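Engineer: Just upload08.pdb, nothing more (PDB, C-alpha atoms):
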```pdb
MODEL        1
ATOM      1  CA  MET A   1      30.421 -82.683  30.798
ATOM      2  CA  ARG A   2      32.576 -83.131  33.836
ATOM      3  CA  GLN A   3      34.473 -80.682  35.972
ATOM      4  CA  ARG A   4      37.583 -82.791  36.377
ATOM      5  CA  ARG A   5      39.787 -84.197  33.688
ATOM      6  CA  ARG A   6      40.666 -87.859  33.703
ATOM      7  CA  ALA A   7      44.328 -88.698  33.511
ATOM      8  CA  MET A   8      45.153 -90.036  30.059
ATOM      9  CA  PRO A   9      47.598 -92.899  29.635
ATOM     10  CA  ALA A  10      50.958 -91.666  28.380
ATOM     11  CA  ILE A  11      53.376 -94.145  26.852
ATOM     12  CA  ALA A  12      56.283 -92.241  25.353
ATOM     13  CA  GLY A  13      56.742 -94.347  22.216
ATOM     14  CA  GLY A  14      53.036 -94.580  21.467
ATOM     15  CA  LEU A  15      52.508 -90.876  22.079
ATOM     16  CA  ALA A  16      55.349 -89.961  19.743
ATOM     17  CA  LEU A  17      53.848 -92.212  17.063
ATOM     18  CA  LEU A  18      50.408 -90.635  17.494
ATOM     19  CA  PHE A  19      51.824 -87.141  17.123
ATOM     20  CA  ALA A  20      53.702 -88.248  14.010
ATOM     21  CA  LEU A  21      50.468 -89.612  12.558
ATOM     22  CA  ALA A  22      48.698 -86.370  13.455
ATOM     23  CA  ALA A  23      51.322 -84.299  11.672
ATOM     24  CA  ALA A  24      51.181 -86.541   8.625
ATOM     25  CA  GLN A  25      47.386 -86.373   8.553
ATOM     26  CA  SER A  26      47.476 -82.615   7.987
ATOM     27  CA  LEU A  27      49.093 -83.274   4.604
ATOM     28  CA  ALA A  28      47.224 -86.477   3.813
ATOM     29  CA  GLN A  29      44.199 -85.050   1.997
ATOM     30  CA  PRO A  30      44.821 -85.709  -1.701
ATOM     31  CA  PRO A  31      44.514 -82.810  -4.122
ATOM     32  CA  ALA A  32      41.493 -82.530  -6.401
ATOM     33  CA  SER A  33      42.255 -83.395  -9.995
ATOM     34  CA  GLY A  34      40.735 -83.090 -13.433
ATOM     35  CA  PRO A  35      39.882 -80.192 -15.742
ATOM     36  CA  ALA A  36      37.021 -78.887 -13.569
ATOM     37  CA  ALA A  37      39.258 -78.761 -10.483
ATOM     38  CA  GLU A  38      42.002 -77.022 -12.436
ATOM     39  CA  ARG A  39      39.567 -74.417 -13.764
ATOM     40  CA  ALA A  40      38.169 -73.791 -10.273
ATOM     41  CA  ALA A  41      41.676 -73.386  -8.859
ATOM     42  CA  ALA A  42      42.659 -70.990 -11.631
ATOM     43  CA  ASP A  43      39.491 -68.947 -11.076
ATOM     44  CA  LEU A  44      40.106 -68.778  -7.324
ATOM     45  CA  ARG A  45      43.712 -67.704  -7.842
ATOM     46  CA  ALA A  46      42.657 -65.029 -10.344
ATOM     47  CA  ARG A  47      39.980 -63.626  -8.018
ATOM     48  CA  ILE A  48      42.325 -63.550  -5.042
ATOM     49  CA  GLU A  49      45.171 -61.975  -6.999
ATOM     50  CA  ALA A  50      42.753 -59.368  -8.377
ATOM     51  CA  SER A  51      42.122 -58.224  -4.809
ATOM     52  CA  PRO A  52      44.639 -55.785  -3.262
ATOM     53  CA  LYS A  53      47.917 -57.173  -1.969
ATOM     54  CA  LEU A  54      47.760 -56.120   1.670
ATOM     55  CA  PRO A  55      50.584 -53.902   2.978
ATOM     56  CA  PHE A  56      52.261 -56.395   5.294
ATOM     57  CA  VAL A  57      55.582 -58.213   5.340
ATOM     58  CA  ALA A  58      55.827 -61.826   6.496
ATOM     59  CA  THR A  59      58.072 -62.364   9.537
ATOM     60  CA  THR A  60      58.881 -65.607  11.327
ATOM     61  CA  PHE A  61      57.896 -65.816  14.983
ATOM     62  CA  ALA A  62      59.055 -68.891  16.887
ATOM     63  CA  ALA A  63      59.236 -69.956  20.510
ATOM     64  CA  LYS A  64      62.661 -69.696  22.117
ATOM     65  CA  PRO A  65      63.459 -73.041  23.776
ATOM     66  CA  PRO A  66      63.505 -72.468  27.546
ATOM     67  CA  ARG A  67      65.819 -75.436  28.159
ATOM     68  CA  PRO A  68      67.841 -78.050  26.271
ATOM     69  CA  GLY A  69      65.639 -80.682  24.643
ATOM     70  CA  TRP A  70      62.581 -78.429  24.495
ATOM     71  CA  GLU A  71      61.152 -78.373  20.986
ATOM     72  CA  SER A  72      57.875 -77.229  19.467
ATOM     73  CA  GLY A  73      56.059 -79.543  17.123
ATOM     74  CA  MET A  74      53.517 -78.428  14.542
ATOM     75  CA  VAL A  75      51.688 -75.350  15.812
ATOM     76  CA  SER A  76      48.072 -76.269  15.148
ATOM     77  CA  TRP A  77      46.448 -72.991  16.208
ATOM     78  CA  MET A  78      47.151 -69.853  18.201
ATOM     79  CA  ALA A  79      45.292 -67.067  20.013
ATOM     80  CA  LEU A  80      46.214 -63.705  21.519
ATOM     81  CA  ASP A  81      45.241 -62.904  25.100
ATOM     82  CA  LYS A  82      44.335 -59.489  26.494
ATOM     83  CA  ALA A  83      47.968 -58.822  27.449
ATOM     84  CA  GLY A  84      49.043 -59.413  23.853
ATOM     85  CA  ASP A  85      50.813 -62.701  24.606
ATOM     86  CA  LEU A  86      50.543 -65.411  21.965
ATOM     87  CA  ILE A  87      49.160 -68.751  23.164
ATOM     88  CA  GLU A  88      50.058 -71.648  20.888
ATOM     89  CA  LEU A  89      48.549 -75.110  20.768
ATOM     90  CA  GLN A  90      51.237 -77.421  19.437
ATOM     91  CA  ARG A  91      51.443 -81.134  18.626
ATOM     92  CA  GLY A  92      54.992 -82.099  19.530
ATOM     93  CA  ASP A  93      55.862 -84.368  22.452
ATOM     94  CA  LYS A  94      58.973 -82.421  23.528
ATOM     95  CA  ALA A  95      56.959 -79.521  24.975
ATOM     96  CA  ASP A  96      53.602 -78.988  26.677
ATOM     97  CA  PRO A  97      50.671 -78.687  24.244
ATOM     98  CA  VAL A  98      49.655 -75.191  25.460
ATOM     99  CA  VAL A  99      52.511 -72.674  25.340
ATOM    100  CA  VAL A 100      52.249 -68.973  26.268
ATOM    101  CA  LEU A 101      54.803 -66.679  24.582
ATOM    102  CA  ASP A 102      55.596 -63.014  25.010
ATOM    103  CA  ARG A 103      56.255 -60.750  22.011
ATOM    104  CA  GLN A 104      59.921 -61.814  21.972
ATOM    105  CA  GLY A 105      59.068 -65.540  21.835
ATOM    106  CA  LYS A 106      59.989 -66.241  25.453
ATOM    107  CA  VAL A 107      58.008 -69.086  27.018
ATOM    108  CA  LEU A 108      56.124 -67.557  29.953
ATOM    109  CA  ARG A 109      54.259 -70.701  31.033
ATOM    110  CA  SER A 110      52.913 -73.919  29.555
ATOM    111  CA  TRP A 111      50.696 -76.848  30.477
ATOM    112  CA  GLY A 112      48.590 -79.771  29.276
ATOM    113  CA  ALA A 113      51.109 -82.621  28.983
ATOM    114  CA  GLY A 114      49.335 -85.973  28.692
ATOM    115  CA  GLY A 115      45.937 -84.342  28.248
ATOM    116  CA  TYR A 116      45.532 -84.496  24.457
ATOM    117  CA  ALA A 117      45.306 -87.002  21.653
ATOM    118  CA  ILE A 118      45.506 -84.450  18.802
ATOM    119  CA  PRO A 119      45.574 -80.765  19.839
ATOM    120  CA  HIS A 120      43.575 -78.844  17.224
ATOM    121  CA  ALA A 121      42.142 -75.394  18.054
ATOM    122  CA  ILE A 122      42.543 -72.760  20.746
ATOM    123  CA  ARG A 123      40.299 -69.737  21.407
ATOM    124  CA  ILE A 124      39.979 -67.163  24.177
ATOM    125  CA  ASP A 125      36.525 -66.196  25.420
ATOM    126  CA  PRO A 126      35.382 -62.644  26.267
ATOM    127  CA  LEU A 127      36.337 -63.110  29.930
ATOM    128  CA  GLY A 128      39.878 -64.176  29.067
ATOM    129  CA  ASP A 129      39.569 -67.902  29.738
ATOM    130  CA  ILE A 130      41.269 -70.277  27.313
ATOM    131  CA  TRP A 131      39.489 -73.081  25.435
ATOM    132  CA  THR A 132      41.213 -75.875  23.534
ATOM    133  CA  VAL A 133      39.786 -78.506  21.206
ATOM    134  CA  ASP A 134      41.052 -82.066  20.725
ATOM    135  CA  ALA A 135      40.348 -83.488  17.253
ATOM    136  CA  ALA A 136      40.850 -87.138  18.223
ATOM    137  CA  ALA A 137      39.451 -87.327  21.758
ATOM    138  CA  SER A 138      36.548 -85.043  20.702
ATOM    139  CA  ARG A 139      37.069 -83.094  23.879
ATOM    140  CA  VAL A 140      36.990 -79.400  24.778
ATOM    141  CA  ILE A 141      38.946 -78.136  27.784
ATOM    142  CA  LYS A 142      38.465 -74.731  29.407
ATOM    143  CA  TYR A 143      41.406 -73.239  31.330
ATOM    144  CA  SER A 144      42.018 -70.176  33.413
ATOM    145  CA  PRO A 145      44.719 -67.854  32.022
ATOM    146  CA  THR A 146      47.229 -69.617  34.278
ATOM    147  CA  GLY A 147      46.309 -73.114  33.085
ATOM    148  CA  LYS A 148      43.897 -74.329  35.752
ATOM    149  CA  VAL A 149      41.279 -76.695  34.322
ATOM    150  CA  LEU A 150      37.848 -75.100  34.748
ATOM    151  CA  MET A 151      35.663 -77.367  32.632
ATOM    152  CA  THR A 152      35.896 -80.376  30.336
ATOM    153  CA  ILE A 153      33.270 -81.201  27.725
ATOM    154  CA  ASP A 154      33.418 -84.688  26.246
ATOM    155  CA  VAL A 155      31.468 -84.409  22.988
ATOM    156  CA  GLY A 156      31.697 -88.103  22.096
ATOM    157  CA  GLU A 157      29.558 -89.873  19.474
ATOM    158  CA  GLN A 158      32.579 -90.314  17.247
ATOM    159  CA  PRO A 159      32.169 -92.483  14.162
ATOM    160  CA  GLN A 160      34.743 -95.104  13.303
ATOM    161  CA  THR A 161      37.233 -93.724  10.790
ATOM    162  CA  LYS A 162      40.454 -94.930   9.219
ATOM    163  CA  GLY A 163      42.556 -92.258  10.902
ATOM    164  CA  PRO A 164      42.894 -90.635  14.336
ATOM    165  CA  PHE A 165      41.031 -87.463  13.300
ATOM    166  CA  ASN A 166      37.351 -88.167  14.024
ATOM    167  CA  GLY A 167      36.177 -85.516  16.481
ATOM    168  CA  THR A 168      35.737 -81.833  17.209
ATOM    169  CA  SER A 169      37.541 -79.010  15.420
ATOM    170  CA  ASP A 170      36.769 -75.532  16.886
ATOM    171  CA  ILE A 171      34.753 -73.524  19.420
ATOM    172  CA  ALA A 172      33.127 -70.064  19.410
ATOM    173  CA  PHE A 173      31.278 -67.989  22.012
ATOM    174  CA  GLY A 174      27.743 -66.685  21.725
ATOM    175  CA  PRO A 175      25.700 -64.400  23.989
ATOM    176  CA  ASN A 176      25.012 -65.354  27.610
ATOM    177  CA  GLY A 177      27.891 -67.797  27.676
ATOM    178  CA  ARG A 178      26.470 -70.010  24.920
ATOM    179  CA  LEU A 179      29.123 -72.282  23.397
ATOM    180  CA  PHE A 180      29.190 -73.461  19.778
ATOM    181  CA  ILE A 181      31.440 -76.337  18.723
ATOM    182  CA  THR A 182      32.159 -77.670  15.235
ATOM    183  CA  ASP A 183      32.264 -81.457  15.179
ATOM    184  CA  GLY A 184      33.647 -81.945  11.702
ATOM    185  CA  TYR A 185      36.076 -84.853  11.665
ATOM    186  CA  GLY A 186      33.835 -87.848  11.077
ATOM    187  CA  ASN A 187      30.616 -86.026  11.949
ATOM    188  CA  ALA A 188      29.317 -82.945  10.112
ATOM    189  CA  ARG A 189      27.545 -80.795  12.662
ATOM    190  CA  VAL A 190      27.570 -77.771  14.926
ATOM    191  CA  LEU A 191      26.745 -78.317  18.599
ATOM    192  CA  GLU A 192      25.446 -75.772  21.078
ATOM    193  CA  TYR A 193      26.176 -76.006  24.817
ATOM    194  CA  SER A 194      25.160 -73.860  27.748
ATOM    195  CA  ALA A 195      27.716 -71.917  29.769
ATOM    196  CA  GLU A 196      27.638 -74.810  32.255
ATOM    197  CA  GLY A 197      28.556 -77.354  29.568
ATOM    198  CA  LYS A 198      25.108 -78.885  28.966
ATOM    199  CA  ARG A 199      24.322 -79.797  25.380
ATOM    200  CA  LEU A 200      21.330 -77.847  24.078
ATOM    201  CA  ARG A 201      21.021 -78.593  20.361
ATOM    202  CA  GLN A 202      22.845 -79.499  17.178
ATOM    203  CA  TRP A 203      22.454 -78.982  13.457
ATOM    204  CA  GLY A 204      24.061 -80.053  10.195
ATOM    205  CA  GLU A 205      24.664 -83.205   8.177
ATOM    206  CA  HIS A 206      26.999 -84.504   5.498
ATOM    207  CA  GLY A 207      26.560 -82.943   2.077
ATOM    208  CA  ALA A 208      27.108 -79.824  -0.024
ATOM    209  CA  GLY A 209      23.670 -78.195   0.197
ATOM    210  CA  PRO A 210      22.481 -75.355   2.433
ATOM    211  CA  GLY A 211      23.178 -76.208   6.063
ATOM    212  CA  GLN A 212      25.197 -79.287   5.130
ATOM    213  CA  PHE A 213      28.934 -79.749   5.679
ATOM    214  CA  HIS A 214      32.006 -81.494   4.387
ATOM    215  CA  LEU A 215      34.308 -80.957   7.363
ATOM    216  CA  PRO A 216      33.176 -77.890   9.309
ATOM    217  CA  HIS A 217      36.646 -76.872  10.474
ATOM    218  CA  ALA A 218      36.352 -73.461  12.140
ATOM    219  CA  LEU A 219      33.673 -71.033  13.295
ATOM    220  CA  GLN A 220      33.173 -67.485  14.561
ATOM    221  CA  ILE A 221      30.161 -65.541  15.860
ATOM    222  CA  GLY A 222      29.430 -61.890  15.096
ATOM    223  CA  VAL A 223      28.026 -59.340  17.511
ATOM    224  CA  ASP A 224      24.751 -59.563  15.571
ATOM    225  CA  GLY A 225      24.555 -63.291  16.314
ATOM    226  CA  THR A 226      25.558 -64.522  12.866
ATOM    227  CA  VAL A 227      27.421 -67.830  13.086
ATOM    228  CA  TYR A 228      30.100 -68.229  10.391
ATOM    229  CA  VAL A 229      31.270 -71.783   9.713
ATOM    230  CA  ALA A 230      34.270 -72.620   7.529
ATOM    231  CA  ASP A 231      32.986 -75.607   5.536
ATOM    232  CA  ARG A 232      36.502 -76.687   4.632
ATOM    233  CA  GLU A 233      36.131 -79.311   1.943
ATOM    234  CA  ASN A 234      33.149 -77.576   0.317
ATOM    235  CA  GLY A 235      35.225 -74.422  -0.128
ATOM    236  CA  ARG A 236      32.812 -71.994   1.484
ATOM    237  CA  ILE A 237      31.826 -70.130   4.637
ATOM    238  CA  GLU A 238      28.216 -70.778   5.652
ATOM    239  CA  LYS A 239      26.138 -68.345   7.715
ATOM    240  CA  PHE A 240      23.545 -69.298  10.349
ATOM    241  CA  ASP A 241      21.590 -67.616  13.088
ATOM    242  CA  LEU A 242      22.113 -68.692  16.688
ATOM    243  CA  ASP A 243      19.395 -71.339  16.378
ATOM    244  CA  GLY A 244      21.021 -72.988  13.368
ATOM    245  CA  ARG A 245      18.840 -71.518  10.620
ATOM    246  CA  PHE A 246      20.769 -71.174   7.357
ATOM    247  CA  LEU A 247      21.222 -67.541   6.292
ATOM    248  CA  GLY A 248      23.476 -67.823   3.255
ATOM    249  CA  GLU A 249      27.046 -68.547   2.247
ATOM    250  CA  ILE A 250      30.247 -67.129   0.839
ATOM    251  CA  ASP A 251      31.119 -69.695  -1.800
ATOM    252  CA  GLY A 252      33.732 -70.215  -4.500
ATOM    253  CA  LEU A 253      36.544 -70.308  -1.956
ATOM    254  CA  GLY A 254      39.401 -72.754  -1.664
ATOM    255  CA  ARG A 255      40.000 -75.295   1.061
ATOM    256  CA  THR A 256      39.139 -72.983   3.976
ATOM    257  CA  TYR A 257      40.923 -74.007   7.156
ATOM    258  CA  SER A 258      40.548 -71.093   9.505
ATOM    259  CA  ILE A 259      38.556 -67.920  10.067
ATOM    260  CA  LYS A 260      38.868 -64.984  12.438
ATOM    261  CA  LEU A 261      36.114 -62.360  12.622
ATOM    262  CA  VAL A 262      37.133 -58.767  13.378
ATOM    263  CA  GLY A 263      34.176 -56.402  13.167
ATOM    264  CA  ASP A 264      32.601 -57.016   9.772
ATOM    265  CA  VAL A 265      35.759 -58.580   8.327
ATOM    266  CA  LEU A 266      36.570 -62.272   8.091
ATOM    267  CA  TRP A 267      40.225 -63.235   7.851
ATOM    268  CA  ALA A 268      40.481 -66.705   6.313
ATOM    269  CA  GLY A 269      43.332 -69.111   5.670
ATOM    270  CA  MET A 270      42.774 -71.040   2.448
ATOM    271  CA  ALA A 271      44.482 -72.844  -0.418
ATOM    272  CA  PRO A 272      43.484 -74.399  -3.766
ATOM    273  CA  PHE A 273      41.938 -77.852  -3.776
ATOM    274  CA  THR A 274      44.476 -78.909  -6.394
ATOM    275  CA  LEU A 275      47.169 -78.916  -3.686
ATOM    276  CA  PRO A 276      47.331 -81.276  -0.681
ATOM    277  CA  THR A 277      46.287 -80.015   2.739
ATOM    278  CA  GLY A 278      48.867 -77.858   4.458
ATOM    279  CA  ALA A 279      50.216 -76.563   1.150
ATOM    280  CA  PRO A 280      50.886 -72.868   0.360
ATOM    281  CA  GLY A 281      47.937 -70.539  -0.131
ATOM    282  CA  TRP A 282      46.665 -67.223   1.164
ATOM    283  CA  VAL A 283      45.350 -65.306   4.115
ATOM    284  CA  VAL A 284      42.320 -63.593   2.578
ATOM    285  CA  LYS A 285      40.447 -60.568   3.928
ATOM    286  CA  ILE A 286      36.701 -60.881   3.231
ATOM    287  CA  ASP A 287      33.724 -58.598   3.801
ATOM    288  CA  ALA A 288      31.620 -60.798   6.081
ATOM    289  CA  ARG A 289      28.330 -59.279   4.900
ATOM    290  CA  THR A 290      28.847 -59.287   1.129
ATOM    291  CA  GLY A 291      31.563 -61.895   0.621
ATOM    292  CA  LYS A 292      33.704 -59.429  -1.349
ATOM    293  CA  LEU A 293      37.432 -60.159  -1.298
ATOM    294  CA  LEU A 294      39.073 -57.104   0.272
ATOM    295  CA  GLY A 295      42.694 -58.190   0.018
ATOM    296  CA  HIS A 296      45.131 -61.060   0.382
ATOM    297  CA  LEU A 297      48.543 -62.155   1.598
ATOM    298  CA  ASP A 298      50.592 -64.954   0.011
ATOM    299  CA  VAL A 299      51.632 -67.689   2.446
ATOM    300  CA  ASP A 300      54.390 -70.157   1.616
ATOM    301  CA  GLY A 301      55.828 -73.104   3.520
ATOM    302  CA  GLU A 302      54.547 -76.399   4.930
ATOM    303  CA  HIS A 303      51.691 -77.049   7.369
ATOM    304  CA  VAL A 304      50.501 -73.491   6.824
ATOM    305  CA  LEU A 305      47.186 -71.663   7.300
ATOM    306  CA  HIS A 306      45.629 -74.103   9.770
ATOM    307  CA  GLY A 307      44.963 -71.271  12.231
ATOM    308  CA  VAL A 308      44.570 -67.520  11.747
ATOM    309  CA  GLU A 309      44.687 -64.773  14.378
ATOM    310  CA  VAL A 310      44.712 -60.960  14.168
ATOM    311  CA  THR A 311      46.333 -58.566  16.631
ATOM    312  CA  ALA A 312      44.592 -55.520  18.098
ATOM    313  CA  ALA A 313      46.658 -53.451  15.652
ATOM    314  CA  GLY A 314      45.268 -55.453  12.710
ATOM    315  CA  GLU A 315      48.315 -57.632  12.037
ATOM    316  CA  PRO A 316      47.401 -61.116  10.712
ATOM    317  CA  ILE A 317      49.169 -64.217  12.045
ATOM    318  CA  THR A 318      48.997 -67.751  10.666
ATOM    319  CA  THR A 319      50.511 -71.118  11.523
ATOM    320  CA  ALA A 320      53.507 -72.475   9.617
ATOM    321  CA  GLY A 321      54.939 -75.774  10.851
ATOM    322  CA  ASP A 322      56.696 -75.402  14.210
ATOM    323  CA  HIS A 323      56.302 -71.595  14.218
ATOM    324  CA  VAL A 324      53.937 -68.886  13.019
ATOM    325  CA  ILE A 325      54.099 -66.253  10.305
ATOM    326  CA  TRP A 326      53.422 -62.820  11.758
ATOM    327  CA  PHE A 327      52.581 -60.175   9.151
ATOM    328  CA  LYS A 328      54.009 -56.787  10.101
ATOM    329  CA  PRO A 329      53.144 -53.469   8.442
ATOM    330  CA  ALA A 330      55.297 -52.755   5.402
ATOM    331  CA  ARG A 331      57.551 -49.745   5.782
ATOM    332  CA  PRO A 332      56.963 -46.907   3.301
TER
ENDMDL
END
```
Take the structure I supplied and represent it as structure tokens, if you would.

Structural biologist:
Amino acid sequence: MRQRRRAMPAIAGGLALLFALAAAQSLAQPPASGPAAERAAADLRARIEASPKLPFVATTFAAKPPRPGWESGMVSWMALDKAGDLIELQRGDKADPVVVLDRQGKVLRSWGAGGYAIPHAIRIDPLGDIWTVDAAASRVIKYSPTGKVLMTIDVGEQPQTKGPFNGTSDIAFGPNGRLFITDGYGNARVLEYSAEGKRLRQWGEHGAGPGQFHLPHALQIGVDGTVYVADRENGRIEKFDLDGRFLGEIDGLGRTYSIKLVGDVLWAGMAPFTLPTGAPGWVVKIDARTGKLLGHLDVDGEHVLHGVEVTAAGEPITTAGDHVIWFKPARP
């Protein structure tokens, strides 16, 4: 951990190429094939469609360019702050990575240029500070609401992989400032840090058994201390206590990209394994305690479902290419 961020080299052509590779990577995972995969996909679709269709209508919400030449790339993740502004983490090189938008899509402020290899996840802690995760640099950066760098955690220990994704994926906040980070690209573990950024412990390994992972991609922590981890390529959400002891799982899911915990409800973005990553799927409402599917929303488009957020009024939001899909209540 260090309190100051090093300047990262920025060569325009190379940066543009890296962002192009990052965008392509999100669709690079090949679909599963064969009769067993087809049966599993059909079963998942049937179970989801048997759950209630939630009473929302999909609306497009996109940033309004503040100047000529400004352009959002793929929105990797988003979070809502206490004022209700939407904070996007985007991968294009024609805008800052972190972009704060009001409810009309106006850019209020932005920052982070030159500070990321592959922007991946963004979360807001209980005090209102903003945390972002870099999937290639395996770095976590904490900002004030106005964009001042408050802390940088370099996770490191990245294995050599064939692509640029080989680091951290998400962050969640436990009691007493404890930080939990999924390190799923290349590694298969959850890391715990103190509020000061000191590593305390880790757990997890590659595999499909209890406490094992095949790309832990997102995580959330309940008020009771249950840690929920979206084990993306194993199609499940695993449950742990704060010390990493396995408590159970919600299995039989699709490729689960993102989760957002609201009370005892998990909102998850997922799609069948028979489609490539980033393909159409669903936002699914799940009882966090029992695993029961409480409802779903169909999501179409490209580069969808990577991040999920929920407003204070209970409106789900998910990523969709260079914008987000904001589900508004259906009119009677």

Engineer: So which residues get picked by the PyMOL selection byres ((chain A and resi 311-321) around 10) here, written as an mmCIF file with C-alpha atoms, in the coordinates of the input?

Structural biologist:
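Now in expr07.cif:
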```cif
data_model
loop_
_atom_site.group_PDB
_atom_site.id
_atom_site.type_symbol
_atom_site.label_atom_id
_atom_site.label_comp_id
_atom_site.auth_asym_id
_atom_site.auth_seq_id
_atom_site.Cartn_x
_atom_site.Cartn_y
_atom_site.Cartn_z
ATOM 1 C CA ALA A 23 51.322 -84.299 11.672
ATOM 2 C CA PHE A 56 52.261 -56.395 5.294
ATOM 3 C CA VAL A 57 55.582 -58.213 5.340
ATOM 4 C CA ALA A 58 55.827 -61.826 6.496
ATOM 5 C CA THR A 59 58.072 -62.364 9.537
ATOM 6 C CA THR A 60 58.881 -65.607 11.327
ATOM 7 C CA PHE A 61 57.896 -65.816 14.983
ATOM 8 C CA ALA A 62 59.055 -68.891 16.887
ATOM 9 C CA SER A 72 57.875 -77.229 19.467
ATOM 10 C CA GLY A 73 56.059 -79.543 17.123
ATOM 11 C CA MET A 74 53.517 -78.428 14.542
ATOM 12 C CA VAL A 75 51.688 -75.350 15.812
ATOM 13 C CA SER A 76 48.072 -76.269 15.148
ATOM 14 C CA TRP A 77 46.448 -72.991 16.208
ATOM 15 C CA MET A 78 47.151 -69.853 18.201
ATOM 16 C CA ALA A 79 45.292 -67.067 20.013
ATOM 17 C CA LEU A 80 46.214 -63.705 21.519
ATOM 18 C CA ASP A 81 45.241 -62.904 25.100
ATOM 19 C CA LYS A 82 44.335 -59.489 26.494
ATOM 20 C CA GLY A 84 49.043 -59.413 23.853
ATOM 21 C CA LEU A 86 50.543 -65.411 21.965
ATOM 22 C CA GLU A 88 50.058 -71.648 20.888
ATOM 23 C CA GLN A 90 51.237 -77.421 19.437
ATOM 24 C CA SER A 258 40.548 -71.093 9.505
ATOM 25 C CA LYS A 260 38.868 -64.984 12.438
ATOM 26 C CA VAL A 262 37.133 -58.767 13.378
ATOM 27 C CA TRP A 267 40.225 -63.235 7.851
ATOM 28 C CA ALA A 268 40.481 -66.705 6.313
ATOM 29 C CA GLY A 269 43.332 -69.111 5.670
ATOM 30 C CA GLY A 278 48.867 -77.858 4.458
ATOM 31 C CA ALA A 279 50.216 -76.563 1.150
ATOM 32 C CA PRO A 280 50.886 -72.868 0.360
ATOM 33 C CA TRP A 282 46.665 -67.223 1.164
ATOM 34 C CA VAL A 283 45.350 -65.306 4.115
ATOM 35 C CA VAL A 284 42.320 -63.593 2.578
ATOM 36 C CA LYS A 285 40.447 -60.568 3.928
ATOM 37 C CA LEU A 297 48.543 -62.155 1.598
ATOM 38 C CA VAL A 299 51.632 -67.689 2.446
ATOM 39 C CA ASP A 300 54.390 -70.157 1.616
ATOM 40 C CA GLY A 301 55.828 -73.104 3.520
ATOM 41 C CA GLU A 302 54.547 -76.399 4.930
ATOM 42 C CA HIS A 303 51.691 -77.049 7.369
ATOM 43 C CA VAL A 304 50.501 -73.491 6.824
ATOM 44 C CA LEU A 305 47.186 -71.663 7.300
ATOM 45 C CA HIS A 306 45.629 -74.103 9.770
ATOM 46 C CA GLY A 307 44.963 -71.271 12.231
ATOM 47 C CA VAL A 308 44.570 -67.520 11.747
ATOM 48 C CA GLU A 309 44.687 -64.773 14.378
ATOM 49 C CA VAL A 310 44.712 -60.960 14.168
ATOM 50 C CA ASP A 322 56.696 -75.402 14.210
ATOM 51 C CA HIS A 323 56.302 -71.595 14.218
ATOM 52 C CA VAL A 324 53.937 -68.886 13.019
ATOM 53 C CA ILE A 325 54.099 -66.253 10.305
ATOM 54 C CA TRP A 326 53.422 -62.820 11.758
ATOM 55 C CA PHE A 327 52.581 -60.175 9.151
ATOM 56 C CA LYS A 328 54.009 -56.787 10.101
ATOM 57 C CA PRO A 329 53.144 -53.469 8.442
#
```

Engineer: Using only C-alpha atoms, which residues sit within 8 Å of range 214-216 of chain A once same-chain residues fewer than 5 positions away are excluded, as a VMD selection string?

Structural biologist: chain A and resid 169 182 to 190 206 to 208 229 to 234

Engineer: Which residues of range 233-297 of chain A come within 10 Å of range 224-228 of chain A, and for each one, what is the closest pair of atoms and their distance in Å to one decimal, counting all atoms listed in the file, sorted by chain and residue number, as a tab-separated table?

Structural biologist:
```
residue	atom	partner	partner_atom	distance
A:Ile237	CA	A:Tyr228	CA	6.3
A:Glu238	CA	A:Tyr228	CA	5.7
A:Lys239	CA	A:Tyr228	CA	4.8
A:Phe240	CA	A:Val227	CA	5.0
A:Asp241	CA	A:Thr226	CA	5.0
A:Leu242	CA	A:Gly225	CA	5.9
A:Asp243	CA	A:Val227	CA	9.4
A:Gly244	CA	A:Val227	CA	8.2
A:Arg245	CA	A:Val227	CA	9.7
A:Phe246	CA	A:Val227	CA	9.4
A:Leu247	CA	A:Thr226	CA	8.4
A:Gly248	CA	A:Tyr228	CA	9.7
A:Glu249	CA	A:Tyr228	CA	8.7
A:Ile250	CA	A:Tyr228	CA	9.6
A:Ile259	CA	A:Tyr228	CA	8.5
A:Lys260	CA	A:Tyr228	CA	9.6
A:Leu261	CA	A:Tyr228	CA	8.7
A:Leu266	CA	A:Tyr228	CA	9.1
A:Ala288	CA	A:Tyr228	CA	8.7
A:Arg289	CA	A:Thr226	CA	9.9
```

Engineer: In Å to one decimal, how far is CA of Ala137 in chain A from CA of Val155 in chain A?

Structural biologist: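 Straight-line distance from CA of Val155 in chain A to CA of Ala137 in chain A works out to 8.6 Å.
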
Engineer: Which value, in Å to one decimal, gives the distance between CA of Val223 in chain A and CA of Phe173 in chain A?

Structural biologist: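 It comes out at 10.3 Å.
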
Engineer: Separation of CA of Pro52 in chain A and CA of Pro35 in chain A, in Å?

Structural biologist: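 One can read the CA of Pro52 in chain A to CA of Pro35 in chain A distance as 27.8 Å.
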
Engineer: Could you check the closest approach to Thr256 in chain A for each of A:Gly222, A:Arg236, A:Ser51, A:Ile141 and tell me which residue wins, using all atoms listed in the file?

Structural biologist: A:Arg236

Engineer: Taking all atoms listed in the file into account, which of A:Arg199, A:Arg67, A:Arg178, A:Arg109 comes nearest Pro145 in chain A?

Structural biologist: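 The closest residue to Pro145 in chain A is A:Arg109.
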
Engineer: If we count all atoms listed in the file and set the cut-off at 9 Å, which residues sit around Ala136 in chain A, ignoring sequence neighbours fewer than 6 positions away in its own chain? Please answer as an NGL selection string.

Structural biologist: :A and (116-120 or 158 or 164-168 or 185)

Engineer: Taking all atoms of range 206-218 of chain A that appear in the file, build a box with edges along x, y and z, extend it by 5 Å on every side, and state its centre and edge lengths in Å to one decimal, as JSON.

Structural biologist:
```
{"center_x": 29.6, "center_y": -79.0, "center_z": 6.1, "size_x": 24.2, "size_y": 21.0, "size_z": 22.2}
```
